[in-house]
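Source file structure22.txt; content: compact mmCIF, C-alpha atoms.
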# COMPACT_ATOMS: atom_id res chain seq x y z
CA MET A 153 40.10 -51.37 -130.10
CA HIS A 154 43.12 -50.64 -132.29
CA ASN A 155 45.15 -53.37 -130.55
CA ALA A 156 42.37 -55.89 -131.03
CA ASN A 157 42.21 -55.13 -134.76
CA SER A 158 46.00 -55.49 -135.08
CA ALA A 159 45.96 -58.84 -133.29
CA TRP A 160 43.16 -60.03 -135.54
CA ARG A 161 45.11 -59.07 -138.67
CA LEU A 162 48.17 -60.92 -137.41
CA HIS A 163 46.28 -64.14 -136.76
CA ARG A 164 43.72 -64.04 -139.54
CA PRO A 165 43.84 -66.94 -142.02
CA ILE A 166 45.90 -66.33 -145.16
CA THR A 167 43.57 -66.63 -148.12
CA ASP A 168 45.21 -64.29 -150.62
CA PRO A 169 46.88 -66.49 -153.29
CA VAL A 170 49.65 -63.92 -153.68
CA ASP A 171 50.46 -64.02 -149.96
CA ILE A 172 50.45 -67.80 -149.98
CA MET A 173 52.80 -67.92 -152.97
CA GLN A 174 55.18 -65.39 -151.43
CA ARG A 175 55.40 -67.36 -148.20
CA LEU A 176 55.98 -70.62 -150.04
CA LEU A 177 58.75 -69.02 -152.07
CA ALA A 178 60.33 -67.66 -148.87
CA ILE A 179 60.29 -71.14 -147.27
CA ILE A 180 61.80 -72.73 -150.38
CA ALA A 181 64.50 -70.04 -150.55
CA ALA A 182 65.39 -70.57 -146.88
CA ALA A 183 65.64 -74.33 -147.39
CA LEU A 184 67.87 -73.87 -150.44
CA LEU A 185 70.05 -71.42 -148.51
CA LEU A 186 70.52 -73.86 -145.64
CA THR A 187 71.31 -76.66 -148.08
CA GLY A 188 73.81 -74.56 -150.00
CA CYS A 189 75.66 -73.43 -146.88
CA GLY A 190 77.06 -76.96 -146.46
CA TYR A 191 76.20 -77.29 -142.77
CA ASN A 192 74.95 -80.85 -143.13
CA ASP A 193 77.98 -81.80 -145.21
CA PHE A 194 80.29 -80.43 -142.53
CA GLN A 195 78.53 -82.55 -139.91
CA ARG A 196 78.66 -85.67 -142.07
CA LEU A 197 82.34 -85.34 -142.97
CA ASP A 198 83.30 -84.44 -139.40
CA GLU A 199 81.73 -87.66 -138.12
CA GLN A 200 83.31 -89.67 -140.93
CA SER A 201 86.76 -88.25 -140.19
CA LYS A 202 86.41 -89.09 -136.50
CA ALA A 203 85.37 -92.64 -137.33
CA ALA A 204 88.24 -93.02 -139.78
CA TRP A 205 90.72 -91.69 -137.23
CA SER A 206 89.44 -94.10 -134.59
CA GLU A 207 90.07 -96.98 -137.00
CA VAL A 208 93.63 -95.75 -137.59
CA LEU A 209 94.21 -95.71 -133.84
CA ASN A 210 92.70 -99.17 -133.47
CA GLN A 211 95.13 -100.58 -136.00
CA TYR A 212 98.08 -98.81 -134.36
CA GLN A 213 97.01 -100.38 -131.07
CA ARG A 214 96.79 -103.78 -132.73
CA ARG A 215 100.38 -103.40 -133.93
CA ALA A 216 101.60 -102.16 -130.55
CA ASP A 217 100.07 -105.24 -128.92
CA LEU A 218 102.04 -107.50 -131.27
CA VAL A 219 105.47 -106.05 -130.41
CA PRO A 220 105.98 -107.75 -127.00
CA ASN A 221 105.10 -111.16 -128.49
CA ILE A 222 107.41 -110.61 -131.46
CA VAL A 223 110.28 -109.58 -129.20
CA ALA A 224 109.69 -112.49 -126.84
CA THR A 225 109.79 -114.93 -129.77
CA VAL A 226 112.82 -113.40 -131.47
CA LYS A 227 114.96 -113.10 -128.35
CA GLY A 228 114.74 -116.88 -127.99
CA GLU A 229 116.97 -117.17 -131.04
CA ALA A 230 120.59 -117.59 -129.97
CA ASN A 231 122.90 -114.65 -130.79
CA PHE A 232 120.13 -112.55 -132.29
CA GLU A 233 121.17 -108.89 -132.57
CA GLN A 234 120.13 -107.31 -129.30
CA GLU A 235 120.53 -103.80 -130.71
CA THR A 236 117.82 -104.46 -133.27
CA LEU A 237 115.45 -105.74 -130.59
CA THR A 238 116.23 -102.81 -128.32
CA LYS A 239 115.42 -100.31 -131.07
CA VAL A 240 112.05 -101.96 -131.63
CA VAL A 241 111.21 -101.81 -127.93
CA GLU A 242 112.35 -98.19 -127.67
CA ALA A 243 110.37 -97.17 -130.76
CA ARG A 244 107.27 -98.90 -129.41
CA ALA A 245 107.66 -97.19 -126.04
CA LYS A 246 108.04 -93.79 -127.71
CA ALA A 247 105.05 -94.28 -129.99
CA THR A 248 102.77 -95.40 -127.16
CA SER A 249 103.94 -92.71 -124.73
CA ILE A 250 102.34 -89.92 -126.77
CA GLN A 251 98.91 -89.05 -125.42
CA VAL A 252 96.32 -88.84 -128.19
CA THR A 253 93.22 -86.74 -127.51
CA PRO A 254 90.41 -85.45 -129.74
CA GLU A 255 92.28 -82.13 -129.87
CA THR A 256 95.20 -83.87 -131.60
CA LEU A 257 93.22 -83.76 -134.85
CA ASN A 258 93.16 -79.96 -134.64
CA ASN A 259 96.79 -79.57 -133.56
CA PRO A 260 99.16 -80.03 -136.54
CA GLU A 261 102.27 -80.05 -134.32
CA ALA A 262 100.96 -82.78 -132.01
CA PHE A 263 99.57 -84.68 -134.98
CA ASN A 264 102.94 -84.69 -136.76
CA LYS A 265 104.76 -85.73 -133.58
CA PHE A 266 102.46 -88.71 -133.19
CA GLN A 267 102.82 -89.70 -136.83
CA GLN A 268 106.62 -89.42 -136.66
CA ALA A 269 106.75 -91.76 -133.67
CA GLN A 270 104.53 -94.29 -135.45
CA GLY A 271 106.77 -94.06 -138.50
CA GLU A 272 109.84 -94.82 -136.37
CA LEU A 273 108.14 -97.94 -135.03
CA SER A 274 107.33 -99.05 -138.57
CA GLY A 275 110.96 -98.62 -139.54
CA ALA A 276 112.27 -100.50 -136.50
CA LEU A 277 109.92 -103.43 -137.14
CA SER A 278 110.91 -103.54 -140.81
CA ARG A 279 114.61 -103.70 -139.88
CA LEU A 280 113.91 -106.49 -137.39
CA MET A 281 112.21 -108.56 -140.08
CA VAL A 282 115.13 -108.02 -142.46
CA VAL A 283 117.63 -109.13 -139.81
CA ALA A 284 115.45 -112.15 -138.98
CA GLU A 285 116.00 -113.43 -142.52
CA ARG A 286 119.56 -114.32 -141.51
CA TYR A 287 118.36 -116.79 -138.86
CA PRO A 288 117.05 -120.03 -140.45
CA GLN A 289 115.94 -121.49 -137.12
CA LEU A 290 113.86 -118.40 -136.45
CA GLN A 291 112.32 -118.57 -139.91
CA ALA A 292 111.36 -122.19 -139.16
CA ASN A 293 109.66 -121.17 -135.91
CA GLN A 294 105.89 -121.48 -136.42
CA ALA A 295 105.08 -118.88 -133.76
CA PHE A 296 107.37 -116.36 -135.45
CA ARG A 297 105.88 -117.09 -138.87
CA ASP A 298 102.37 -116.58 -137.52
CA LEU A 299 103.35 -113.29 -135.87
CA ARG A 300 105.00 -112.11 -139.06
CA VAL A 301 101.86 -112.79 -141.09
CA THR A 302 99.74 -111.00 -138.48
CA LEU A 303 102.10 -108.02 -138.51
CA GLU A 304 101.99 -107.79 -142.31
CA GLY A 305 98.21 -107.90 -142.23
CA THR A 306 98.10 -105.18 -139.58
CA GLU A 307 100.42 -102.93 -141.59
CA ASN A 308 98.07 -103.34 -144.56
CA ARG A 309 95.10 -102.41 -142.37
CA ILE A 310 96.96 -99.33 -141.15
CA THR A 311 97.55 -98.24 -144.74
CA VAL A 312 93.88 -98.71 -145.66
CA ALA A 313 92.71 -96.86 -142.54
CA ARG A 314 95.13 -93.99 -143.14
CA ASN A 315 94.04 -93.63 -146.75
CA ARG A 316 90.37 -93.55 -145.73
CA TYR A 317 91.12 -90.84 -143.16
CA ILE A 318 93.13 -88.80 -145.67
CA GLN A 319 90.32 -88.96 -148.23
CA THR A 320 87.67 -87.89 -145.71
CA VAL A 321 89.78 -85.01 -144.41
CA GLN A 322 90.50 -83.88 -147.95
CA GLU A 323 86.77 -83.64 -148.67
CA TYR A 324 86.22 -81.76 -145.40
CA ASN A 325 89.03 -79.28 -146.09
CA VAL A 326 87.87 -78.60 -149.65
CA LEU A 327 84.43 -77.80 -148.24
CA ALA A 328 85.97 -75.51 -145.60
CA ARG A 329 87.97 -73.56 -148.20
CA SER A 330 85.46 -73.37 -151.07
CA PHE A 331 82.87 -70.62 -151.61
CA PRO A 332 80.17 -70.34 -150.35
CA THR A 333 80.66 -73.10 -147.77
CA ASN A 334 83.79 -71.36 -146.46
CA LEU A 335 81.43 -68.68 -145.07
CA THR A 336 79.73 -71.34 -142.98
CA ALA A 337 83.14 -72.59 -141.85
CA MET A 338 84.08 -69.09 -140.69
CA VAL A 339 80.81 -68.48 -138.88
CA MET A 340 80.78 -71.92 -137.21
CA HIS A 341 84.57 -71.96 -136.60
CA TYR A 342 85.16 -75.10 -138.68
CA ALA A 343 88.94 -75.07 -139.10
CA PRO A 344 90.65 -77.29 -141.72
CA LYS A 345 91.85 -80.61 -140.28
CA PRO A 346 95.49 -81.79 -140.47
CA SER A 347 95.85 -84.32 -143.28
CA PHE A 348 96.91 -87.24 -141.52
CA THR A 349 95.83 -89.74 -137.72
CA VAL A 350 92.94 -94.22 -132.11
CA GLN A 351 89.41 -94.66 -129.23
CA ASN A 352 91.25 -96.36 -126.42
CA GLU A 353 93.91 -93.64 -126.06
CA ALA A 354 94.66 -94.65 -122.47
CA GLN A 355 95.39 -98.25 -123.41
CA ILE A 356 97.68 -97.39 -126.29
CA SER A 357 99.87 -95.33 -123.94
CA LEU A 358 100.85 -98.38 -121.86
CA PRO A 359 104.58 -99.25 -122.24
CA PRO A 360 105.52 -102.73 -123.44
CA LYS A 361 106.38 -105.38 -120.85
CA VAL A 362 109.55 -106.91 -122.23
CA ASP A 363 112.30 -108.54 -120.16
CA PHE A 364 115.79 -108.96 -121.57
CA SER A 365 117.24 -110.21 -118.29
CA SER A 366 116.85 -113.91 -119.13
CA PRO A 367 119.86 -115.29 -121.04
CA ALA A 368 119.41 -116.50 -124.58
CA PRO A 369 119.53 -120.27 -125.07
CA ALA A 370 122.77 -121.75 -126.30
CA ALA A 371 123.10 -122.30 -130.01
CA LYS A 372 122.49 -125.79 -131.25
CA PRO A 373 125.61 -127.49 -132.65

Give the structure from the file, written as structure tokens.
Amino acid sequence: MHNANSAWRLHRPITDPVDIMQRLLAIIAAALLLTGCGYNDFQRLDEQSKAAWSEVLNQYQRRADLVPNIVATVKGEANFEQETLTKVVEARAKATSIQVTPETLNNPEAFNKFQQAQGELSGALSRLMVVAERYPQLQANQAFRDLRVTLEGTENRITVARNRYIQTVQEYNVLARSFPTNLTAMVMHYAPKPSFTVQNEAQISLPPKVDFSSPAPAAKP
């Protein structure tokens, strides 16, 4: 009989206005607590940072795909500096040999190694374009001019994508280090992300196919 009465009290309709108000206040407090903990913001910024990083990688891949065509066009110029071309090919091979995985975003050492290799490729391509200024016939080559414009546009896209990633990661890291959302970060193991970084990681790791074995054409008199 006692158990039956207890069960009835547990399931009886709530009609007391005080009880109703207390339960409503408890629900509102719980909702405010969940909102204030920043969980949804962490999820939103995490997805945004992943999307921004993928765009960075896409633009790096776009640039890597241009290198073989640039080299093939430039090496057709008689007496062009082979050392400059070789450095571009080597920098491209180094940059694309580094395997990029989702864990790279949480590994500052691997992240910095990848970024350093990409920076070396940027430098090698910049030097090649400076050297190319000394070759009027190359500057008059329509294919080379088109590739140069495409490369400049890609470098601009890389800069925009990097800046978007940096901004998103900055917001995420501020959330992870600020009170009270840092408590959520500790409980959920949300570590700060390295401030600066492609889907298609397997494709970007392919080495360039460039052949220097064919002799350069003779210079025109």

Residue nearest Met340 in chain A - candidates A:Glu307, A:Gly190, A:Lys202, A:Thr320, atoms counted: only C-alpha atoms: A:Gly190

Separation of CA of Ala204 in chain A from CA of Ala343 in chain A in Å: 18.0 Å

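One distance worth recording is that between CA of Met281 in chain A and CA of Asn315 in chain A, which is 24.4 Å.
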
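Nearest to Leu273 in chain A of all the residues A:Val312, A:Val240, A:Cys189, A:Leu335 is A:Val240, based on all atoms listed in the file.
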
Pick from A:Glu304, A:Glu229, A:Glu272, A:Glu235, whichever lies nearest to Pro288 in chain A using all atoms listed in the file: A:Glu229

d(CA of Arg244 in chain A, CA of Gln268 in chain A) in Å: 12.0 Å

Quick one: residues within 10 Å of Ala243 in chain A, only C-alpha atoms, excluding same-chain residues fewer than 4 positions away - as a short mmCIF file (atom, residue, chain, number, x, y, z; two decimals) with C-alpha atoms, in the frame of the given file?
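Result file selection_13.cif:
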data_model
loop_
_atom_site.label_atom_id
_atom_site.label_comp_id
_atom_site.auth_asym_id
_atom_site.auth_seq_id
_atom_site.Cartn_x
_atom_site.Cartn_y
_atom_site.Cartn_z
CA LEU A 237 115.45 -105.74 -130.59
CA THR A 238 116.23 -102.81 -128.32
CA LYS A 239 115.42 -100.31 -131.07
CA ALA A 247 105.05 -94.28 -129.99
CA THR A 248 102.77 -95.40 -127.16
CA SER A 249 103.94 -92.71 -124.73
CA ALA A 269 106.75 -91.76 -133.67
CA GLN A 270 104.53 -94.29 -135.45
CA GLY A 271 106.77 -94.06 -138.50
CA GLU A 272 109.84 -94.82 -136.37
CA LEU A 273 108.14 -97.94 -135.03
CA SER A 274 107.33 -99.05 -138.57
CA GLY A 275 110.96 -98.62 -139.54
CA ALA A 276 112.27 -100.50 -136.50
CA LEU A 277 109.92 -103.43 -137.14
#

Selection near Arg215 in chain A, 9 Å with only C-alpha atoms, sequence-local residues under 4 positions removed, as a list of chain:residue names: A:Asn210, A:Gln211, A:Val219, A:Thr302, A:Leu303, A:Thr306, A:Glu307, A:Ile310

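Closest approach to Ala216 in chain A from the set A:Ser201, A:Gln319, A:Arg196, A:Glu242 is made by A:Glu242, with distances taken over all atoms listed in the file.
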
Residue list as a PyMOL selection string for point (95.6, -85.5, -137.3), cut-off 10 Å, all atoms listed in the file: chain A and resi 201-202+205+252+254-267+317-318+321+345-349

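Comparing A:Asn221, A:Phe194, A:Glu199, A:Ser206 by their smallest distance to Leu299 in chain A, the closest is A:Asn221 (using all atoms listed in the file).
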
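Using only C-alpha atoms, the shortest contact distance between Val326 in chain A and any of A:Thr311, A:Val241, A:Ala295, A:Pro344 is found at A:Pro344.
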
Will you model N, CA and C atoms for range 213-240 of chain A and pass it back as a PDB file, in the coordinates of the input?
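Ended up saving to selection-v7.pdb:
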ATOM      1  N   GLN A 213      97.040 -99.638-132.330  1.00  0.00           N
ATOM      2  CA  GLN A 213      97.010-100.380-131.070  1.00  0.00           C
ATOM      3  C   GLN A 213      97.230-101.866-131.324  1.00  0.00           C
ATOM      4  N   ARG A 214      96.620-102.376-132.373  1.00  0.00           N
ATOM      5  CA  ARG A 214      96.790-103.780-132.730  1.00  0.00           C
ATOM      6  C   ARG A 214      98.270-104.087-132.971  1.00  0.00           C
ATOM      7  N   ARG A 215      98.953-103.196-133.675  1.00  0.00           N
ATOM      8  CA  ARG A 215     100.380-103.400-133.930  1.00  0.00           C
ATOM      9  C   ARG A 215     101.193-103.300-132.646  1.00  0.00           C
ATOM     10  N   ALA A 216     100.871-102.321-131.808  1.00  0.00           N
ATOM     11  CA  ALA A 216     101.600-102.160-130.550  1.00  0.00           C
ATOM     12  C   ALA A 216     101.460-103.400-129.675  1.00  0.00           C
ATOM     13  N   ASP A 217     100.293-104.032-129.713  1.00  0.00           N
ATOM     14  CA  ASP A 217     100.070-105.240-128.920  1.00  0.00           C
ATOM     15  C   ASP A 217     100.893-106.415-129.430  1.00  0.00           C
ATOM     16  N   LEU A 218     101.257-106.399-130.707  1.00  0.00           N
ATOM     17  CA  LEU A 218     102.040-107.500-131.270  1.00  0.00           C
ATOM     18  C   LEU A 218     103.516-107.434-130.881  1.00  0.00           C
ATOM     19  N   VAL A 219     104.024-106.232-130.623  1.00  0.00           N
ATOM     20  CA  VAL A 219     105.470-106.050-130.410  1.00  0.00           C
ATOM     21  C   VAL A 219     106.017-106.917-129.275  1.00  0.00           C
ATOM     22  N   PRO A 220     105.419-106.917-128.074  1.00  0.00           N
ATOM     23  CA  PRO A 220     105.980-107.750-127.000  1.00  0.00           C
ATOM     24  C   PRO A 220     106.075-109.232-127.380  1.00  0.00           C
ATOM     25  N   ASN A 221     105.069-109.755-128.085  1.00  0.00           N
ATOM     26  CA  ASN A 221     105.100-111.160-128.490  1.00  0.00           C
ATOM     27  C   ASN A 221     106.183-111.413-129.535  1.00  0.00           C
ATOM     28  N   ILE A 222     106.363-110.462-130.452  1.00  0.00           N
ATOM     29  CA  ILE A 222     107.410-110.610-131.460  1.00  0.00           C
ATOM     30  C   ILE A 222     108.785-110.613-130.803  1.00  0.00           C
ATOM     31  N   VAL A 223     108.993-109.675-129.888  1.00  0.00           N
ATOM     32  CA  VAL A 223     110.280-109.580-129.200  1.00  0.00           C
ATOM     33  C   VAL A 223     110.540-110.834-128.376  1.00  0.00           C
ATOM     34  N   ALA A 224     109.522-111.301-127.672  1.00  0.00           N
ATOM     35  CA  ALA A 224     109.690-112.490-126.840  1.00  0.00           C
ATOM     36  C   ALA A 224     110.045-113.710-127.680  1.00  0.00           C
ATOM     37  N   THR A 225     109.489-113.799-128.886  1.00  0.00           N
ATOM     38  CA  THR A 225     109.790-114.930-129.770  1.00  0.00           C
ATOM     39  C   THR A 225     111.181-114.811-130.372  1.00  0.00           C
ATOM     40  N   VAL A 226     111.528-113.606-130.807  1.00  0.00           N
ATOM     41  CA  VAL A 226     112.820-113.400-131.470  1.00  0.00           C
ATOM     42  C   VAL A 226     113.986-113.533-130.503  1.00  0.00           C
ATOM     43  N   LYS A 227     113.820-113.069-129.290  1.00  0.00           N
ATOM     44  CA  LYS A 227     114.960-113.100-128.350  1.00  0.00           C
ATOM     45  C   LYS A 227     115.310-114.523-127.940  1.00  0.00           C
ATOM     46  N   GLY A 228     114.418-115.489-128.251  1.00  0.00           N
ATOM     47  CA  GLY A 228     114.740-116.880-127.990  1.00  0.00           C
ATOM     48  C   GLY A 228     115.750-117.449-128.964  1.00  0.00           C
ATOM     49  N   GLU A 229     115.983-116.741-130.060  1.00  0.00           N
ATOM     50  CA  GLU A 229     116.970-117.170-131.040  1.00  0.00           C
ATOM     51  C   GLU A 229     118.376-116.816-130.551  1.00  0.00           C
ATOM     52  N   ALA A 230     119.242-117.803-130.478  1.00  0.00           N
ATOM     53  CA  ALA A 230     120.590-117.590-129.970  1.00  0.00           C
ATOM     54  C   ALA A 230     121.329-116.558-130.816  1.00  0.00           C
ATOM     55  N   ASN A 231     122.020-115.642-130.145  1.00  0.00           N
ATOM     56  CA  ASN A 231     122.900-114.650-130.790  1.00  0.00           C
ATOM     57  C   ASN A 231     122.152-113.664-131.679  1.00  0.00           C
ATOM     58  N   PHE A 232     120.840-113.547-131.485  1.00  0.00           N
ATOM     59  CA  PHE A 232     120.130-112.550-132.290  1.00  0.00           C
ATOM     60  C   PHE A 232     120.582-111.159-131.864  1.00  0.00           C
ATOM     61  N   GLU A 233     120.646-110.237-132.821  1.00  0.00           N
ATOM     62  CA  GLU A 233     121.170-108.890-132.570  1.00  0.00           C
ATOM     63  C   GLU A 233     120.309-108.160-131.545  1.00  0.00           C
ATOM     64  N   GLN A 234     120.880-107.970-130.365  1.00  0.00           N
ATOM     65  CA  GLN A 234     120.130-107.310-129.300  1.00  0.00           C
ATOM     66  C   GLN A 234     119.851-105.847-129.616  1.00  0.00           C
ATOM     67  N   GLU A 235     120.736-105.217-130.372  1.00  0.00           N
ATOM     68  CA  GLU A 235     120.530-103.800-130.710  1.00  0.00           C
ATOM     69  C   GLU A 235     119.258-103.613-131.530  1.00  0.00           C
ATOM     70  N   THR A 236     119.021-104.540-132.452  1.00  0.00           N
ATOM     71  CA  THR A 236     117.820-104.460-133.270  1.00  0.00           C
ATOM     72  C   THR A 236     116.563-104.610-132.421  1.00  0.00           C
ATOM     73  N   LEU A 237     116.580-105.553-131.490  1.00  0.00           N
ATOM     74  CA  LEU A 237     115.450-105.740-130.590  1.00  0.00           C
ATOM     75  C   LEU A 237     115.233-104.520-129.716  1.00  0.00           C
ATOM     76  N   THR A 238     116.334-103.975-129.202  1.00  0.00           N
ATOM     77  CA  THR A 238     116.230-102.810-128.320  1.00  0.00           C
ATOM     78  C   THR A 238     115.605-101.633-129.042  1.00  0.00           C
ATOM     79  N   LYS A 239     115.976-101.437-130.306  1.00  0.00           N
ATOM     80  CA  LYS A 239     115.420-100.310-131.070  1.00  0.00           C
ATOM     81  C   LYS A 239     113.918-100.478-131.282  1.00  0.00           C
ATOM     82  N   VAL A 240     113.484-101.713-131.468  1.00  0.00           N
ATOM     83  CA  VAL A 240     112.050-101.960-131.630  1.00  0.00           C
ATOM     84  C   VAL A 240     111.301-101.614-130.349  1.00  0.00           C
TER      85      VAL A 240
END
